[in-house]
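Engineer: Next comes upload_16.txt, compact mmCIF, C-alpha atoms (C1' of nucleotides):
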# COMPACT_ATOMS: atom_id res chain seq x y z
CA MET N 1 100.46 25.84 180.76
CA ARG N 2 98.44 26.74 177.74
CA ARG N 3 94.76 27.16 178.35
CA GLY N 4 93.60 25.66 175.05
CA LYS N 5 93.61 28.67 172.77
CA PRO N 6 93.37 27.62 169.15
CA ASN N 7 96.06 28.93 166.85
CA ASP N 8 93.53 29.59 164.15
CA PRO N 9 90.15 30.37 165.65
CA GLY N 10 87.36 30.16 163.12
CA ARG N 11 88.97 27.31 161.30
CA ARG N 12 86.40 24.92 162.62
CA ASP N 13 83.61 27.10 161.25
CA ARG N 14 85.33 27.44 157.91
CA ILE N 15 85.47 23.68 157.67
CA LEU N 16 81.79 23.46 158.52
CA LEU N 17 80.93 26.00 155.85
CA ALA N 18 83.09 24.28 153.25
CA THR N 19 81.33 21.06 154.11
CA LEU N 20 77.93 22.59 153.46
CA GLU N 21 79.10 23.96 150.13
CA MET N 22 80.46 20.56 149.28
CA ILE N 23 77.18 18.89 150.19
CA ALA N 24 75.14 21.36 148.16
CA ALA N 25 77.44 20.84 145.20
CA HIS N 26 78.02 17.10 145.24
CA GLY N 27 75.70 15.65 147.83
CA VAL N 28 76.60 13.91 151.05
CA ALA N 29 77.83 10.98 149.02
CA GLY N 30 80.41 13.25 147.43
CA VAL N 31 81.82 14.48 150.71
CA SER N 32 85.24 13.27 151.79
CA TYR N 33 87.72 14.52 154.33
CA ARG N 34 90.16 15.15 151.53
CA GLY N 35 87.70 16.95 149.35
CA VAL N 36 86.49 19.28 152.07
CA ALA N 37 90.07 19.88 153.20
CA ALA N 38 91.03 20.98 149.71
CA HIS N 39 87.94 23.16 149.39
CA ALA N 40 88.49 24.80 152.76
CA GLY N 41 92.21 25.15 152.23
CA VAL N 42 93.22 23.21 155.29
CA PRO N 43 95.41 20.14 155.61
CA LEU N 44 93.88 16.72 155.99
CA GLY N 45 95.07 16.50 159.56
CA SER N 46 92.94 19.48 160.54
CA MET N 47 89.84 17.66 159.42
CA THR N 48 90.31 14.63 161.60
CA TYR N 49 91.50 16.85 164.42
CA TYR N 50 88.33 18.93 164.59
CA PHE N 51 86.01 16.17 163.44
CA PRO N 52 87.23 12.73 164.44
CA SER N 53 84.50 11.04 162.45
CA LEU N 54 83.09 11.95 159.09
CA GLU N 55 79.56 11.34 160.25
CA GLY N 56 80.06 13.84 163.04
CA LEU N 57 81.26 16.42 160.59
CA ILE N 58 78.19 16.02 158.43
CA VAL N 59 75.78 16.06 161.34
CA ASP N 60 77.42 19.18 162.77
CA ALA N 61 77.33 20.83 159.37
CA PHE N 62 73.64 20.12 158.98
CA ASP N 63 72.95 21.30 162.46
CA SER N 64 74.71 24.59 161.78
CA THR N 65 72.23 25.38 159.00
CA ARG N 66 69.49 25.44 161.56
CA THR N 67 70.76 28.66 163.07
CA HIS N 68 72.21 30.17 159.91
CA LEU N 69 69.51 29.75 157.32
CA GLU N 70 66.30 29.23 159.18
CA PRO N 71 65.65 32.84 160.33
CA ARG N 72 65.60 34.12 156.78
CA TYR N 73 62.58 32.06 155.79
CA ALA N 74 60.99 31.99 159.18
CA THR N 75 60.69 35.65 160.07
CA PRO N 76 57.88 36.56 157.66
CA LEU N 77 55.92 33.60 158.90
CA ARG N 78 56.35 34.52 162.53
CA GLU N 79 55.09 37.98 161.80
CA ALA N 80 52.00 36.76 159.98
CA ARG N 81 48.80 37.46 161.86
CA THR N 82 45.90 36.69 159.55
CA PRO N 83 45.47 33.69 157.27
CA ALA N 84 46.05 36.05 154.34
CA ASP N 85 49.42 37.00 155.79
CA VAL N 86 50.26 33.36 156.14
CA VAL N 87 49.43 32.67 152.52
CA ASP N 88 51.58 35.58 151.42
CA ALA N 89 54.47 34.38 153.54
CA LEU N 90 54.12 30.83 152.25
CA VAL N 91 54.00 31.92 148.62
CA ASP N 92 57.07 34.04 149.23
CA ALA N 93 58.84 31.16 150.87
CA THR N 94 58.06 28.99 147.87
CA VAL N 95 58.78 31.21 144.91
CA GLY N 96 59.27 34.74 146.22
CA VAL N 97 62.20 36.76 147.45
CA THR N 98 62.50 34.97 150.75
CA SER N 99 62.41 31.60 149.07
CA PRO N 100 65.52 29.44 149.33
CA THR N 101 67.98 29.24 146.48
CA LEU N 102 68.26 25.97 144.62
CA ASP N 103 71.45 25.31 146.55
CA ASP N 104 69.62 25.79 149.82
CA ILE N 105 66.89 23.45 148.70
CA ARG N 106 69.49 20.92 147.68
CA LEU N 107 70.92 21.16 151.17
CA TYR N 108 67.53 20.68 152.77
CA ALA N 109 66.85 17.78 150.46
CA GLU N 110 70.07 16.19 151.63
CA VAL N 111 68.99 16.56 155.24
CA ARG N 112 65.67 14.90 154.52
CA HIS N 113 67.36 12.17 152.54
CA GLN N 114 69.97 11.33 155.12
CA ALA N 115 67.41 11.54 157.89
CA ALA N 116 65.71 8.47 156.48
CA ARG N 117 68.69 6.32 157.45
CA ASN N 118 70.63 8.22 160.07
CA PRO N 119 68.99 8.75 163.46
CA LYS N 120 71.21 11.69 164.37
CA ILE N 121 70.27 13.53 161.22
CA ALA N 122 66.67 12.51 161.76
CA ALA N 123 66.87 14.37 165.03
CA VAL N 124 68.10 17.48 163.24
CA LEU N 125 65.23 17.26 160.79
CA GLN N 126 62.79 16.71 163.61
CA ALA N 127 64.00 19.88 165.25
CA VAL N 128 63.53 21.84 162.03
CA GLU N 129 60.03 20.51 161.64
CA ASP N 130 59.14 21.22 165.23
CA ASP N 131 60.29 24.79 164.76
CA SER N 132 58.12 25.05 161.70
CA LEU N 133 55.00 23.69 163.36
CA GLU N 134 55.53 25.84 166.41
CA MET N 135 55.85 28.83 164.14
CA LEU N 136 52.56 28.08 162.42
CA ALA N 137 50.73 27.16 165.60
CA PRO N 138 49.48 30.66 166.42
CA VAL N 139 47.78 31.05 163.06
CA LEU N 140 46.97 27.53 161.90
CA PRO N 141 45.56 24.42 163.51
CA THR N 142 48.10 21.64 163.64
CA PRO N 143 46.59 19.43 160.94
CA THR N 144 46.57 22.36 158.55
CA ALA N 145 50.13 23.18 159.50
CA LEU N 146 51.14 19.65 158.67
CA ALA N 147 49.52 19.87 155.28
CA VAL N 148 51.14 23.23 154.65
CA ASN N 149 54.55 21.85 155.53
CA ALA N 150 54.07 18.90 153.23
CA MET N 151 52.90 21.21 150.45
CA LEU N 152 55.86 23.54 150.90
CA TRP N 153 58.30 20.70 150.69
CA GLY N 154 56.42 19.37 147.69
CA TRP N 155 56.85 22.65 145.85
CA TRP N 156 60.50 22.96 146.79
CA SER N 157 60.97 19.44 145.55
CA HIS N 158 59.29 20.42 142.34
CA ARG N 159 61.69 23.28 141.89
CA LEU N 160 64.57 20.88 142.41
CA ALA N 161 63.25 18.49 139.81
CA HIS N 162 62.60 21.27 137.31
CA PRO N 163 65.40 23.74 137.85
CA SER N 164 64.95 25.50 134.54
CA THR N 165 61.20 26.06 134.55
CA GLU N 166 59.87 28.78 136.79
CA LEU N 167 57.12 27.77 139.16
CA ASP N 168 53.88 29.58 138.39
CA GLU N 169 53.11 31.96 141.23
CA PRO N 170 49.27 31.99 141.00
CA THR N 171 49.25 28.21 140.99
CA VAL N 172 51.32 28.13 144.15
CA ARG N 173 49.18 30.82 145.74
CA ARG N 174 45.96 29.01 145.09
CA SER N 175 47.33 25.80 146.53
CA PHE N 176 48.18 27.49 149.81
CA GLU N 177 44.96 29.46 149.85
CA ALA N 178 43.06 26.25 149.47
CA LEU N 179 44.86 24.59 152.34
CA VAL N 180 44.80 27.55 154.68
CA THR N 181 41.31 28.91 154.15
CA LEU N 182 39.13 25.96 153.36
CA PRO N 183 39.32 24.02 156.61
CA ALA N 184 38.68 27.19 158.60
CA SER N 185 35.37 27.86 156.89
CA ASP N 186 33.96 24.48 155.94
CA HIS N 187 34.99 22.13 158.68
CA PRO N 188 34.67 21.82 162.42
CA PHE N 189 38.32 20.83 162.82
CA HIS N 190 39.51 24.29 163.56
CA THR N 191 40.68 23.60 167.07
CA LYS N 192 44.29 23.52 168.07
CA ALA N 193 44.35 19.78 168.43
CA ARG N 194 47.83 19.08 169.76
CA GLN N 195 48.18 15.56 168.45
CA TYR N 196 50.43 15.12 165.47
CA ALA N 197 48.91 13.46 162.48
CA MET D 1 77.03 -20.96 115.57
CA ARG D 2 75.21 -20.20 118.74
CA ARG D 3 72.31 -17.80 118.50
CA GLY D 4 72.96 -16.07 121.82
CA LYS D 5 70.78 -18.05 124.18
CA PRO D 6 71.61 -17.27 127.78
CA ASN D 7 72.50 -20.22 129.95
CA ASP D 8 70.49 -18.80 132.79
CA PRO D 9 67.64 -16.71 131.48
CA GLY D 10 66.12 -14.51 134.14
CA ARG D 11 69.42 -13.90 135.80
CA ARG D 12 69.47 -10.36 134.51
CA ASP D 13 66.08 -9.69 136.05
CA ARG D 14 67.11 -11.24 139.33
CA ILE D 15 70.06 -8.89 139.46
CA LEU D 16 67.79 -5.96 138.74
CA LEU D 17 65.44 -6.99 141.52
CA ALA D 18 68.26 -7.53 143.97
CA THR D 19 69.53 -4.08 143.09
CA LEU D 20 66.17 -2.51 143.92
CA GLU D 21 66.05 -4.32 147.23
CA MET D 22 69.56 -3.14 147.93
CA ILE D 23 68.65 0.44 147.11
CA ALA D 24 65.53 0.35 149.27
CA ALA D 25 67.55 -1.09 152.13
CA HIS D 26 70.77 0.91 151.96
CA GLY D 27 70.24 3.65 149.42
CA VAL D 28 71.99 4.14 146.14
CA ALA D 29 75.12 5.10 148.02
CA GLY D 30 75.15 1.64 149.56
CA VAL D 31 74.98 -0.19 146.27
CA SER D 32 78.06 -1.98 145.01
CA TYR D 33 78.61 -4.66 142.41
CA ARG D 34 79.84 -6.95 145.13
CA GLY D 35 77.00 -6.27 147.48
CA VAL D 36 74.33 -6.86 144.87
CA ALA D 37 76.15 -9.94 143.63
CA ALA D 38 76.10 -11.43 147.10
CA HIS D 39 72.46 -10.52 147.61
CA ALA D 40 71.43 -11.97 144.27
CA GLY D 41 73.61 -15.03 144.67
CA VAL D 42 75.58 -14.50 141.50
CA PRO D 43 79.32 -14.17 140.98
CA LEU D 44 80.88 -10.77 140.56
CA GLY D 45 81.64 -11.51 136.95
CA SER D 46 77.96 -11.81 136.15
CA MET D 47 77.36 -8.29 137.33
CA THR D 48 79.85 -6.65 135.03
CA TYR D 49 78.79 -8.95 132.26
CA TYR D 50 75.15 -7.91 132.28
CA PHE D 51 75.79 -4.38 133.44
CA PRO D 52 79.14 -3.05 132.28
CA SER D 53 78.76 0.11 134.33
CA LEU D 54 77.33 0.56 137.78
CA GLU D 55 75.45 3.67 136.75
CA GLY D 56 73.74 1.68 134.00
CA LEU D 57 72.68 -0.94 136.49
CA ILE D 58 71.08 1.63 138.75
CA VAL D 59 69.36 3.46 135.95
CA ASP D 60 67.99 0.21 134.55
CA ALA D 61 66.85 -0.83 137.99
CA PHE D 62 65.00 2.43 138.51
CA ASP D 63 63.51 2.23 135.09
CA SER D 64 62.18 -1.25 135.79
CA THR D 65 60.10 0.10 138.67
CA ARG D 66 58.16 2.19 136.22
CA THR D 67 56.49 -0.84 134.71
CA HIS D 68 56.40 -2.96 137.85
CA LEU D 69 55.08 -0.67 140.53
CA GLU D 70 53.35 2.17 138.76
CA PRO D 71 50.14 0.34 137.71
CA ARG D 72 49.26 -0.50 141.27
CA TYR D 73 48.93 3.10 142.34
CA ALA D 74 47.82 4.43 139.02
CA THR D 75 44.82 2.31 138.18
CA PRO D 76 42.40 3.82 140.72
CA LEU D 77 43.32 7.27 139.51
CA ARG D 78 42.77 6.40 135.88
CA GLU D 79 39.34 5.09 136.71
CA ALA D 80 38.34 8.21 138.61
CA ARG D 81 35.64 10.23 136.85
CA THR D 82 34.46 12.89 139.27
CA PRO D 83 36.56 15.12 141.52
CA ALA D 84 35.25 13.11 144.47
CA ASP D 85 36.63 9.95 142.90
CA VAL D 86 39.95 11.69 142.46
CA VAL D 87 40.07 12.69 146.10
CA ASP D 88 39.28 9.15 147.16
CA ALA D 89 41.97 7.77 144.91
CA LEU D 90 44.52 10.30 146.18
CA VAL D 91 43.75 9.62 149.81
CA ASP D 92 44.08 5.92 149.12
CA ALA D 93 47.37 6.47 147.36
CA THR D 94 48.63 8.42 150.36
CA VAL D 95 47.51 6.37 153.33
CA GLY D 96 45.09 3.74 152.04
CA VAL D 97 45.40 0.23 150.76
CA THR D 98 46.84 1.20 147.41
CA SER D 99 49.43 3.44 149.03
CA PRO D 100 53.06 2.45 148.63
CA THR D 101 54.92 0.67 151.39
CA LEU D 102 57.67 2.53 153.17
CA ASP D 103 60.17 0.58 151.10
CA ASP D 104 58.47 1.70 147.92
CA ILE D 105 58.53 5.29 149.09
CA ARG D 106 62.17 4.91 149.96
CA LEU D 107 62.77 3.73 146.43
CA TYR D 108 60.88 6.63 144.94
CA ALA D 109 62.74 9.02 147.21
CA GLU D 110 65.98 7.61 145.88
CA VAL D 111 64.85 8.25 142.33
CA ARG D 112 63.98 11.85 143.12
CA HIS D 113 67.23 12.29 144.98
CA GLN D 114 69.47 10.90 142.28
CA ALA D 115 67.54 12.75 139.62
CA ALA D 116 68.85 16.01 141.02
CA ARG D 117 72.36 15.14 139.89
CA ASN D 118 72.07 12.48 137.25
CA PRO D 119 70.45 13.42 133.92
CA LYS D 120 69.62 9.84 133.01
CA ILE D 121 67.75 9.32 136.23
CA ALA D 122 66.17 12.74 135.81
CA ALA D 123 64.74 11.40 132.58
CA VAL D 124 63.25 8.44 134.39
CA LEU D 125 61.66 10.74 136.95
CA GLN D 126 60.39 13.00 134.23
CA ALA D 127 58.69 10.03 132.60
CA VAL D 128 57.03 9.08 135.86
CA GLU D 129 55.79 12.62 136.36
CA ASP D 130 54.55 12.90 132.83
CA ASP D 131 52.59 9.71 133.33
CA SER D 132 51.09 11.14 136.47
CA LEU D 133 50.07 14.44 134.89
CA GLU D 134 48.65 12.69 131.88
CA MET D 135 46.68 10.48 134.20
CA LEU D 136 45.17 13.45 136.01
CA ALA D 137 44.59 15.49 132.87
CA PRO D 138 41.06 14.19 132.17
CA VAL D 139 39.81 15.19 135.60
CA LEU D 140 42.01 18.06 136.73
CA PRO D 141 43.43 21.17 135.10
CA THR D 142 47.19 21.04 134.83
CA PRO D 143 47.98 23.57 137.57
CA THR D 144 45.82 21.64 140.00
CA ALA D 145 47.45 18.42 138.91
CA LEU D 146 50.85 19.92 139.65
CA ALA D 147 49.75 20.96 143.12
CA VAL D 148 48.26 17.53 143.73
CA ASN D 149 51.49 15.86 142.69
CA ALA D 150 53.49 18.10 144.97
CA MET D 151 51.09 17.43 147.83
CA LEU D 152 51.21 13.68 147.31
CA TRP D 153 54.98 13.66 147.38
CA GLY D 154 54.87 15.90 150.42
CA TRP D 155 52.72 13.42 152.29
CA TRP D 156 54.83 10.44 151.23
CA SER D 157 57.87 12.34 152.37
CA HIS D 158 56.15 12.93 155.68
CA ARG D 159 55.53 9.24 156.09
CA LEU D 160 59.20 8.62 155.40
CA ALA D 161 60.27 11.14 158.01
CA HIS D 162 57.82 9.76 160.60
CA PRO D 163 57.75 6.04 159.97
CA SER D 164 56.24 5.17 163.32
CA THR D 165 53.38 7.66 163.47
CA GLU D 166 50.38 6.97 161.34
CA LEU D 167 49.26 9.79 159.07
CA ASP D 168 45.82 11.06 160.00
CA GLU D 169 43.40 10.15 157.23
CA PRO D 170 40.90 13.05 157.59
CA THR D 171 43.76 15.52 157.52
CA VAL D 172 45.04 14.05 154.31
CA ARG D 173 41.57 13.96 152.84
CA ARG D 174 40.86 17.58 153.58
CA SER D 175 44.15 18.64 152.03
CA PHE D 176 43.30 16.94 148.75
CA GLU D 177 39.71 18.12 148.86
CA ALA D 178 40.93 21.65 149.25
CA LEU D 179 43.26 21.40 146.29
CA VAL D 180 40.88 19.57 144.01
CA THR D 181 37.62 21.35 144.66
CA LEU D 182 38.49 24.93 145.46
CA PRO D 183 40.04 26.06 142.19
CA ALA D 184 37.20 24.55 140.20
CA SER D 185 34.59 26.70 141.93
CA ASP D 186 36.34 29.95 142.79
CA HIS D 187 38.71 30.67 139.96
CA PRO D 188 38.64 31.16 136.23
CA PHE D 189 41.73 29.01 135.70
CA HIS D 190 39.78 25.91 135.02
CA THR D 191 40.92 25.45 131.47
CA LYS D 192 43.29 22.75 130.44
CA ALA D 193 46.20 25.13 130.02
CA ARG D 194 48.96 22.96 128.63
CA GLN D 195 51.91 24.94 129.90
CA TYR D 196 53.70 23.46 132.87
CA ALA D 197 54.02 25.65 135.88
C1' DC K 1 114.70 29.39 179.54
C1' DC K 2 112.44 25.08 179.76
C1' DC K 3 108.57 22.32 180.61
C1' DT K 4 103.96 21.10 179.89
C1' DT K 5 99.82 20.87 177.47
C1' DG K 6 96.84 21.48 173.99
C1' DT K 7 96.86 22.44 168.96
C1' DA K 8 98.01 21.14 164.39
C1' DT K 9 99.86 18.38 160.52
C1' DG K 10 101.78 14.67 157.18
C1' DT K 11 102.10 10.10 156.34
C1' DA K 12 100.93 5.56 155.99
C1' DC K 13 97.95 1.60 156.60
C1' DC K 14 94.14 -1.03 155.37
C1' DG K 15 89.92 -1.86 153.37
C1' DT K 16 86.59 -1.27 149.58
C1' DC K 17 85.27 -0.70 145.06
C1' DG K 18 84.81 -0.16 139.92
C1' DT K 19 86.45 -2.16 136.20
C1' DA K 20 89.50 -4.61 132.81
C1' DC K 21 90.60 -8.90 131.11
C1' DG K 22 92.09 -13.63 130.30
C1' DT K 23 90.07 -17.92 130.76
C1' DA K 24 86.52 -21.38 130.73
C1' DC K 25 82.20 -23.10 129.44
C1' DT K 26 78.06 -24.02 126.48
C1' DA K 27 75.48 -24.99 122.62
C1' DA K 28 74.33 -24.28 117.97
C1' DA K 29 76.19 -24.79 113.18
C1' DC K 30 78.46 -27.40 109.89
C1' DG Y 1 83.22 -34.08 116.11
C1' DT Y 2 85.03 -29.82 115.31
C1' DT Y 3 84.42 -25.03 115.07
C1' DT Y 4 82.79 -20.81 116.68
C1' DA Y 5 80.41 -17.19 118.86
C1' DG Y 6 78.21 -15.88 122.66
C1' DT Y 7 77.84 -16.58 127.73
C1' DA Y 8 79.82 -16.73 132.22
C1' DC Y 9 83.31 -16.27 135.68
C1' DG Y 10 87.53 -15.24 138.88
C1' DT Y 11 91.27 -12.57 139.59
C1' DA Y 12 93.87 -8.64 139.86
C1' DC Y 13 94.95 -3.80 139.27
C1' DG Y 14 94.66 0.93 140.38
C1' DA Y 15 92.32 4.50 142.75
C1' DC Y 16 90.24 6.39 146.64
C1' DG Y 17 89.03 7.20 151.25
C1' DG Y 18 88.59 6.85 156.50
C1' DT Y 19 91.30 6.80 160.15
C1' DA Y 20 95.34 5.94 163.33
C1' DC Y 21 99.29 7.92 164.81
C1' DA Y 22 103.87 9.83 165.39
C1' DT Y 23 105.62 14.07 165.00
C1' DA Y 24 105.95 19.03 165.17
C1' DC Y 25 104.49 23.47 166.80
C1' DA Y 26 102.73 27.24 169.85
C1' DA Y 27 101.88 29.38 174.09
C1' DG Y 28 101.54 30.02 178.72
C1' DG Y 29 103.50 28.78 183.69
C1' DG Y 30 107.41 28.07 186.62
Can the structure in the file be given as C-alpha cells, please?
Structural biologist:
Amino acid sequence: MRRGKPNDPGRRDRILLATLEMIAAHGVAGVSYRGVAAHAGVPLGSMTYYFPSLEGLIVDAFDSTRTHLEPRYATPLREARTPADVVDALVDATVGVTSPTLDDIRLYAEVRHQAARNPKIAAVLQAVEDDSLEMLAPVLPTPTALAVNAMLWGWWSHRLAHPSTELDEPTVRRSFEALVTLPASDHPFHTKARQYA
Amino acid sequence: MRRGKPNDPGRRDRILLATLEMIAAHGVAGVSYRGVAAHAGVPLGSMTYYFPSLEGLIVDAFDSTRTHLEPRYATPLREARTPADVVDALVDATVGVTSPTLDDIRLYAEVRHQAARNPKIAAVLQAVEDDSLEMLAPVLPTPTALAVNAMLWGWWSHRLAHPSTELDEPTVRRSFEALVTLPASDHPFHTKARQYA
DNA sequence: CCCTTGTATGTACCGTCGTACGTACTAAAC
DNA sequence: GTTTAGTACGTACGACGGTACATACAAGGG
C-alpha cells in the first residue's frame, strides 16, 4: 500500500507562501480559500485538503514567517557586542538595508493585529517577542530591551502610516541612542532584572 | 411641507456609538449592518437610511472618536510647559490615570490598521497625528515629537499585546525621559525644523 | 493485475452580508 | 383636511465564502 507520498510535494508550502502574499496585499480580512487558491494556482479542493480550517491556514502562514524572515533582521543584532553596535543594528533594522520592506511590515502588523483577538496568533507573536528579548538580553537590560522593542515597532508603524515620506535617519538614530545609552549611565537599573515589565 | 425634523433625533449618534463598541469588541472585520443594528436596537432599515454605505458608517464612527476621546488624553499635554511636565504627561498617557483603556487602545489600533488600506481612514489618522504633533510643538522639536509619538504608540501596542501584565511605570518613564531630555542637551538639532521626518 | 490506502479535486449546500427598493408613517404647510 | 416631502422600515435579491463530501486518481503491496 502507498506510504503517503504526496503527488505534488511542495504544494503545501506554495499555498502557505501565496497566503502570506495575499495577507500582505489585502490583509487577513481579504483572505479566502478561493482567493488564495487562485493566486497559488491550485484548485479549491487542495486548500481544504491541506488546511481543513481557514484559521489554521492563517496561523500556519504566520508561523512560517518566523523561520523565513526573522534571521534577516536578527543576525546583525545577535552579532552586536557594544551598545554602539546595538544602536547601529537598530537603526539599520528601522530604516537601513536590513530593515523590512513595507510588505514585510504590513505582514508583521497583521500578526500584531490578529494577535489581539486570536490566542493562537497571540502565541506566535509572543514567540517572536521572546526571540527578540532573548536576542537583546546579552547587551541590554530587560527594561531597556522592552523600550527598544516598543520604539522599533513604533517606527515601523510610522513607516506604514507614511509610506511615501522617508524616515529621517538621524532622528531614528538619536531615539535609539537615547534609549540604549541613557539608562546605562544615569540610572542604577542596569541589572539584568528578569521580570517583564 | 415638513422641514426635515427627524422622528427620533439622536438615533444617528446611537448608531455611531454602537458601531464603535462593536469595533472595539470584534474589530472592523466583525462589523455588519445587522450586527450594529441589533446592538443599537434599531431596525436594519435605519442603518442604511442614515449610512448608505458601510464604509461611510465606519469612517464616520472613527471620526467621531476624534472629538469625543481626544481631549481626555490631550489636555495634560497641552498644559505642559517644561520638558519635565511633558514626561509626566506622557507617562500618564501611557500607564497613568489619563491613559486610554484597553478598549480605547483597541479602537485606536483599528484606526491605524484600517488606515493602511483605506485612504479615508488614513485621513482621519493623519488628522489625529497632526493634532498630536501640533500639541507637542511648543515644548518639543518636531523630530523629538515624532519619536515620542512612535514610542507612545509602541507602549500602547505593548499593553494590547500583554493585556494581563502591568507595564512597569519607571521603565516607561525612563524611556520618555531619554527621548525628551537627551536631544535637547547633546545635539544641535533643537530647532523647530518644520519638515516631517 | 487488482486491491488498498492515502492524495487530490469539483461541486453543491447553507449561511451571511451589503444593498436596493417599495411601502408606510409623520408632521409641517396650505 | 389634504397634500407633500422627508423620515423610517422590512423584505428580498444577488454575491460571496467556508466547508462537507462524493468522486477520482496515483502508487505501492500482494
Engineer: Residues at most 12 Å from range 12-21 of chain K, counting all atoms listed in the file, excluding those fewer than 6 positions away in the same chain, as number ranges by chain?
Structural biologist: D: 30-35, 44-45, 47-49, 51-55; Y: 9-22
Engineer: In the coordinates of the file, take the point (99.5, 17.6, 152.3) and a cut-off of 9 Å; then, counting all atoms listed in the file, name each qualifying protein, DNA or RNA residue as a ChimeraX atom specification.
Structural biologist: /N:42-45 /K:9-11
Engineer: Can you work out the spacing between CA of Thr65 in chain N and CA of Pro138 in chain N in Å, to one decimal?
Structural biologist: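 One can read the CA of Thr65 in chain N to CA of Pro138 in chain N distance as 24.5 Å.
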Engineer: Would you list which chain Y residues are within 7 Å of chain N using all atoms listed in the file, as a PyMOL selection string?
Structural biologist: chain Y and resi 27-29
Engineer: Calculated over all atoms listed in the file, which of the candidates N:Val36, N:Val86, N:Val28, N:Glu70 has the smallest distance to chain D?
Structural biologist: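 Of the candidates, the smallest distance to chain D is held by N:Val28.
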Engineer: Sorted by chain and rising residue number, list the residues of chain K at most 7 Å from chain D (counting only C-alpha atoms (C1' of nucleotides)), each with its closest atom pair and distance in Å to one decimal, as JSON lines.
Structural biologist:
{"residue": "K:DA27", "atom": "C1'", "partner": "D:Arg2", "partner_atom": "CA", "distance": 6.2}
{"residue": "K:DA28", "atom": "C1'", "partner": "D:Arg2", "partner_atom": "CA", "distance": 4.2}
{"residue": "K:DA29", "atom": "C1'", "partner": "D:Met1", "partner_atom": "CA", "distance": 4.6}
Engineer: I need the chosen residues saved as a PDB file, in the frame of the given file, with C-alpha atoms (C1' of nucleotides).
Structural biologist:
ATOM      1  C1'  DA K  27      75.480 -24.990 122.620  1.00  0.00           C
ATOM      2  C1'  DA K  28      74.330 -24.280 117.970  1.00  0.00           C
ATOM      3  C1'  DA K  29      76.190 -24.790 113.180  1.00  0.00           C
TER       4       DA K  29
END
Engineer: What is the CA of His68 in chain N to CA of Thr98 in chain N distance in Å?
Structural biologist: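 According to the coordinates, CA of His68 in chain N and CA of Thr98 in chain N are separated by 14.2 Å.
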Engineer: Show me which bits of chain D are within 7 Å of chain N, counting all atoms listed in the file, as a list of chain:residue names.
Structural biologist: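 Close enough to count are D:Ala29, D:Ala116, D:Pro143, D:Ala147, D:Ala150, D:Met151, D:Trp153, D:Gly154, D:Trp155, D:His158, D:Leu160, D:Ala161, D:Glu166, D:Leu167, D:Asp168, D:Thr171, D:Ser175, D:Ala178, D:Leu179, D:Leu182, D:Ala197.
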